$ cat run16.txt   # compact mmCIF, C-alpha atoms
# COMPACT_ATOMS: atom_id res chain seq x y z
CA MET A 155 63.89 38.64 68.20
CA THR A 156 61.59 41.15 69.90
CA LYS A 157 60.42 41.07 73.47
CA SER A 158 56.70 41.13 74.05
CA ALA A 159 55.57 44.58 75.11
CA PHE A 160 54.70 45.29 78.71
CA LYS A 161 50.98 46.13 78.61
CA PRO A 162 49.56 46.03 82.11
CA LYS A 163 45.79 46.00 82.49
CA GLN A 164 45.88 47.62 85.93
CA ILE A 165 48.02 50.00 87.91
CA LEU A 166 49.05 49.51 91.52
CA TRP A 167 49.11 53.00 92.98
CA VAL A 168 51.17 53.11 96.18
CA ASP A 169 52.07 55.80 98.64
CA LEU A 170 54.25 55.26 101.67
CA GLU A 171 54.48 57.61 104.57
CA MET A 172 57.97 57.29 105.98
CA SER A 173 59.76 58.91 108.90
CA GLY A 174 62.16 60.46 106.36
CA LEU A 175 63.66 59.85 102.93
CA ASN A 176 66.65 57.61 103.72
CA PRO A 177 65.71 53.92 103.42
CA ASN A 178 68.88 52.95 105.28
CA HIS A 179 67.91 55.01 108.31
CA ASP A 180 64.19 55.86 108.15
CA VAL A 181 61.19 53.55 108.46
CA ILE A 182 57.86 52.96 106.77
CA LEU A 183 54.98 54.27 108.88
CA GLU A 184 51.94 53.78 106.66
CA VAL A 185 51.11 52.35 103.24
CA GLY A 186 48.16 52.93 100.99
CA ALA A 187 47.50 51.02 97.80
CA ILE A 188 44.79 51.43 95.19
CA ALA A 189 44.38 49.12 92.21
CA THR A 190 42.90 50.90 89.18
CA ASP A 191 42.24 50.24 85.54
CA TRP A 192 43.40 52.68 82.85
CA LYS A 193 40.24 54.75 83.29
CA PHE A 194 41.44 55.16 86.88
CA ALA A 195 38.39 53.43 88.34
CA GLU A 196 39.25 52.00 91.75
CA LEU A 197 39.21 48.20 91.73
CA GLY A 198 40.39 47.79 95.31
CA VAL A 199 41.86 49.74 98.21
CA TYR A 200 44.34 48.71 100.90
CA GLU A 201 45.66 50.62 103.88
CA GLY A 202 48.17 49.38 106.43
CA VAL A 203 50.07 50.80 109.37
CA VAL A 204 53.50 49.48 110.36
CA ALA A 205 54.17 49.02 114.07
CA HIS A 206 57.10 50.74 115.73
CA ASP A 207 58.31 51.04 119.28
CA LEU A 208 56.95 54.43 120.44
CA VAL A 209 60.36 55.74 121.55
CA THR A 210 61.97 54.72 118.24
CA LEU A 211 59.09 56.27 116.30
CA GLU A 212 59.43 59.58 118.17
CA GLU A 213 63.20 59.57 117.54
CA LYS A 214 62.74 58.90 113.80
CA LEU A 215 60.17 61.68 113.43
CA ALA A 216 62.28 64.08 115.52
CA GLY A 217 65.22 63.34 113.22
CA ASN A 218 63.15 64.85 110.39
CA ALA A 219 61.48 67.57 112.46
CA VAL A 220 61.96 70.24 109.78
CA PHE A 221 59.50 68.31 107.61
CA TRP A 222 57.14 66.92 110.26
CA ASP A 223 56.80 70.25 112.09
CA GLN A 224 55.17 71.60 108.90
CA PHE A 225 52.50 68.88 109.14
CA PRO A 226 51.72 68.48 112.86
CA GLU A 227 48.25 67.00 112.24
CA ALA A 228 49.64 64.24 110.00
CA ARG A 229 52.41 63.58 112.52
CA GLY A 230 49.87 63.31 115.34
CA ASP A 231 47.66 60.97 113.33
CA LEU A 232 50.61 58.74 112.48
CA MET A 233 51.68 58.59 116.14
CA GLU A 234 48.13 57.77 117.24
CA GLN A 235 47.53 55.07 114.63
CA ASN A 236 50.76 53.32 115.64
CA GLN A 237 48.73 51.83 118.53
CA ARG A 238 46.63 49.78 116.06
CA SER A 239 49.46 48.79 113.74
CA LYS A 240 50.98 45.52 112.53
CA ALA A 241 54.47 44.14 112.10
CA LEU A 242 56.34 45.10 108.92
CA GLU A 243 56.17 41.54 107.55
CA ALA A 244 52.42 41.24 108.28
CA VAL A 245 51.73 44.41 106.29
CA GLU A 246 53.82 43.03 103.41
CA ASP A 247 51.78 39.78 103.58
CA GLU A 248 48.54 41.79 103.35
CA LEU A 249 49.86 43.81 100.41
CA LEU A 250 50.78 40.61 98.57
CA LYS A 251 47.28 39.21 99.17
CA PHE A 252 45.83 42.48 97.85
CA ILE A 253 47.98 42.16 94.71
CA ASP A 254 47.00 38.49 94.27
CA LYS A 255 43.35 39.53 94.36
CA HIS A 256 43.62 42.34 91.80
CA PHE A 257 46.53 41.43 89.50
CA ASP A 258 47.56 38.51 87.31
CA ALA A 259 49.98 36.33 89.25
CA GLU A 260 51.94 35.53 86.09
CA LYS A 261 52.74 39.14 85.16
CA PRO A 262 54.79 41.84 86.89
CA VAL A 263 52.78 44.66 88.42
CA LEU A 264 53.05 48.30 87.27
CA LEU A 265 53.71 50.58 90.24
CA GLY A 266 52.32 54.11 90.02
CA GLY A 267 52.50 57.21 92.19
CA ASN A 268 54.10 60.59 92.75
CA SER A 269 57.91 60.42 93.08
CA ILE A 270 57.34 56.67 93.17
CA HIS A 271 61.07 55.99 92.87
CA MET A 272 61.42 57.03 96.52
CA ASP A 273 58.68 54.66 97.67
CA ARG A 274 60.29 51.95 95.53
CA GLN A 275 63.59 52.36 97.41
CA PHE A 276 61.78 51.65 100.68
CA ILE A 277 59.89 48.73 99.13
CA ASP A 278 63.16 47.26 97.85
CA THR A 279 64.77 47.71 101.27
CA TYR A 280 61.94 46.56 103.57
CA TRP A 281 59.61 44.40 101.43
CA PRO A 282 61.69 42.24 99.07
CA ARG A 283 58.83 39.82 98.34
CA LEU A 284 56.67 42.75 97.23
CA ALA A 285 59.56 44.19 95.21
CA ALA A 286 59.87 40.86 93.36
CA ARG A 287 56.26 41.21 92.12
CA LEU A 288 56.82 44.68 90.62
CA HIS A 289 57.89 45.53 87.09
CA TYR A 290 61.03 47.63 86.68
CA ARG A 291 58.99 50.28 84.83
CA MET A 292 56.95 52.66 86.94
CA LEU A 293 54.30 55.28 86.26
CA ASP A 294 55.72 58.35 87.98
CA VAL A 295 53.30 61.29 88.03
CA SER A 296 56.10 63.64 89.09
CA ALA A 297 57.68 63.22 85.63
CA TRP A 298 54.46 64.55 84.09
CA LYS A 299 54.57 67.41 86.60
CA VAL A 300 58.08 68.39 85.51
CA VAL A 301 57.23 68.31 81.80
CA PHE A 302 53.95 70.20 82.03
CA ASN A 303 55.32 72.84 84.39
CA GLY A 304 58.61 73.31 82.53
CA LYS A 305 57.28 73.21 78.98
CA PHE A 306 53.76 74.57 79.29
CA GLY A 307 53.68 76.40 82.63
CA LYS A 308 50.84 74.11 83.79
CA GLN A 309 50.78 72.86 87.33
CA PHE A 310 48.22 70.87 89.28
CA ALA A 311 47.45 72.19 92.76
CA LYS A 312 47.66 68.93 94.69
CA PRO A 313 46.78 69.11 98.38
CA GLU A 314 49.59 67.91 100.65
CA GLN A 315 47.89 65.66 103.15
CA HIS A 316 50.83 63.35 103.83
CA ARG A 317 48.45 60.49 104.45
CA ALA A 318 48.78 57.53 102.11
CA LEU A 319 45.32 57.09 100.57
CA GLY A 320 44.66 60.81 100.21
CA ASP A 321 48.02 61.29 98.52
CA ILE A 322 47.33 58.45 96.07
CA ARG A 323 43.97 59.88 95.08
CA GLY A 324 45.64 63.26 94.63
CA SER A 325 48.25 61.65 92.36
CA ILE A 326 45.56 60.01 90.24
CA GLN A 327 43.72 63.34 89.95
CA GLU A 328 46.98 65.03 89.01
CA LEU A 329 47.69 62.55 86.21
CA GLN A 330 44.12 62.95 84.96
CA TYR A 331 44.67 66.72 84.88
CA TYR A 332 47.79 66.36 82.73
CA LEU A 333 46.17 63.79 80.44
CA GLY A 334 43.28 66.20 80.01
CA LYS A 335 45.74 68.72 78.57
CA VAL A 336 46.92 66.27 75.90
CA ARG A 337 45.07 66.62 72.61
CA THR A 338 44.18 63.33 70.96

$ encode --input "run16.txt" --output "structure tokens"
Amino acid sequence: MTKSAFKPKQILWVDLEMSGLNPNHDVILEVGAIATDWKFAELGVYEGVVAHDLVTLEEKLAGNAVFWDQFPEARGDLMEQNQRSKALEAVEDELLKFIDKHFDAEKPVLLGGNSIHMDRQFIDTYWPRLAARLHYRMLDVSAWKVVFNGKFGKQFAKPEQHRALGDIRGSIQELQYYLGKVRT
């Protein structure tokens, strides 16, 4: 008996900005999501900001100062946008509505992004209802990066904005770059 193949029609590209990389200690600050088809045309865009107590937020960012000090503009923007943010559960609700609008409710959703396994750890920890909608397979652009750099010496110069939507669009461009190197 063979299982039916997983053939998603769309990709849910996600990028989380977190205070750090430990889902047991750090928090989600911002989420961007873009639904695309396989030609990478944008079908929908979502952006959400998770609310945090200002003192807690400053402590979390200070705990990862080595990273955030390299990106002071992104850090400042994230601190400023915290004033117009929503509760963690409300952002998850909005993400689920976004998925309902752009994806088949009967099929698991393919998650895509750069080093998406890290984002997935935070999703699994903080947004279990969202995690339940996702397929176990993921489209991780960083795997393409490793192969093309290691085997062919090719590397995409992706800007490091450390803002969710900009990072997603950079990941999509990066995958398109690698796919452009594949001969059909």

$ residues_around --input "run16.txt" --residues "Ala285 in chain A" --least-positions-apart "6" --cutoff "8 Å" --atoms "all atoms listed in the file" --output "PDB file with C-alpha atoms, in the frame of the given file"
ATOM      1  CA  ARG A 274      60.290  51.950  95.530  1.00  0.00           C
ATOM      2  CA  ILE A 277      59.890  48.730  99.130  1.00  0.00           C
ATOM      3  CA  ASP A 278      63.160  47.260  97.850  1.00  0.00           C
TER       4      ASP A 278
END

$ atom_distance --input "run16.txt" --atom1 "CA of Lys193 in chain A" --atom2 "CA of Asn303 in chain A"
23.6 Å

$ closest_atom_pairs --input "run16.txt" --of "range 239-317 of chain A" --to "range 321-332 of chain A" --cutoff "10 Å" --atoms "all atoms listed in the file" --output "tab-separated table"
residue	atom	partner	partner_atom	distance
A:Gly266	CA	A:Ser325	CA	8.9
A:Gly267	CA	A:Ser325	CA	6.1
A:Asn268	CA	A:Ser325	CA	6.0
A:Ser269	CA	A:Ser325	CA	9.8
A:Leu293	CA	A:Leu329	CA	9.8
A:Asp294	CA	A:Leu329	CA	9.2
A:Val295	CA	A:Leu329	CA	6.0
A:Ser296	CA	A:Ser325	CA	8.7
A:Trp298	CA	A:Tyr332	CA	7.0
A:Lys299	CA	A:Tyr332	CA	7.9
A:Val301	CA	A:Tyr332	CA	9.7
A:Phe302	CA	A:Tyr332	CA	7.3
A:Lys308	CA	A:Tyr332	CA	8.4
A:Gln309	CA	A:Tyr332	CA	8.5
A:Phe310	CA	A:Glu328	CA	6.0
A:Ala311	CA	A:Glu328	CA	8.1
A:Lys312	CA	A:Gly324	CA	6.0
A:Pro313	CA	A:Gly324	CA	7.0
A:Glu314	CA	A:Asp321	CA	7.1
A:Gln315	CA	A:Asp321	CA	6.4
A:His316	CA	A:Asp321	CA	6.4
A:Arg317	CA	A:Asp321	CA	6.0

$ residues_around --input "run16.txt" --residues "range 248-252 of chain A" --least-positions-apart "5" --cutoff "12 Å" --atoms "only C-alpha atoms" --output "ChimeraX atom specification"
/A:166-168,184-189,197-204,240-243,257-259,263,277,281-288

$ atom_distance --input "run16.txt" --atom1 "CA of Glu213 in chain A" --atom2 "CA of Met272 in chain A"
21.2 Å

$ atom_distance --input "run16.txt" --atom1 "CA of Gly174 in chain A" --atom2 "CA of Arg291 in chain A"
24.0 Å

$ residues_around --input "run16.txt" --residues "Pro226 in chain A" --least-positions-apart "5" --cutoff "12 Å" --atoms "only C-alpha atoms" --output "list in words"
Leu215, Ala216, Ala219, Val220, Phe221, Asp231, Leu232, Met233, Gln315 and His316 of chain A

$ write_last_selection --input "run16.txt" --atoms "C-alpha atoms" --output "JSON list (two decimals), keeping the file's coordinate frame"
[["chain", "number", "residue", "atom", "x", "y", "z"],
["A", 215, "LEU", "CA", 60.17, 61.68, 113.43],
["A", 216, "ALA", "CA", 62.28, 64.08, 115.52],
["A", 219, "ALA", "CA", 61.48, 67.57, 112.46],
["A", 220, "VAL", "CA", 61.96, 70.24, 109.78],
["A", 221, "PHE", "CA", 59.50, 68.31, 107.61],
["A", 231, "ASP", "CA", 47.66, 60.97, 113.33],
["A", 232, "LEU", "CA", 50.61, 58.74, 112.48],
["A", 233, "MET", "CA", 51.68, 58.59, 116.14],
["A", 315, "GLN", "CA", 47.89, 65.66, 103.15],
["A", 316, "HIS", "CA", 50.83, 63.35, 103.83]]

$ closest_residue --input "run16.txt" --among "A:Thr210, A:Glu246, A:Gly230, A:Ile182" --to "Asp169 in chain A" --atoms "all atoms listed in the file"
A:Ile182

$ residues_around --input "run16.txt" --residues "Asp191 in chain A" --least-positions-apart "4" --cutoff "10 Å" --atoms "only C-alpha atoms" --output "CSV table (one decimal) with C-alpha atoms, in the frame of the given file"
chain,number,residue,atom,x,y,z
A,162,PRO,CA,49.6,46.0,82.1
A,163,LYS,CA,45.8,46.0,82.5
A,164,GLN,CA,45.9,47.6,85.9
A,165,ILE,CA,48.0,50.0,87.9
A,166,LEU,CA,49.0,49.5,91.5
A,195,ALA,CA,38.4,53.4,88.3
A,196,GLU,CA,39.2,52.0,91.8
A,197,LEU,CA,39.2,48.2,91.7

$ closest_residue --input "run16.txt" --among "A:Lys335, A:His289, A:Lys161, A:Arg238" --to "Pro262 in chain A" --atoms "all atoms listed in the file"
A:His289

$ closest_residue --input "run16.txt" --among "A:Phe276, A:Met292, A:Leu333, A:Leu264" --to "His179 in chain A" --atoms "all atoms listed in the file"
A:Phe276

$ closest_residue --input "run16.txt" --among "A:Thr190, A:Gly307, A:Val336, A:Asp273" --to "His256 in chain A" --atoms "only C-alpha atoms"
A:Thr190
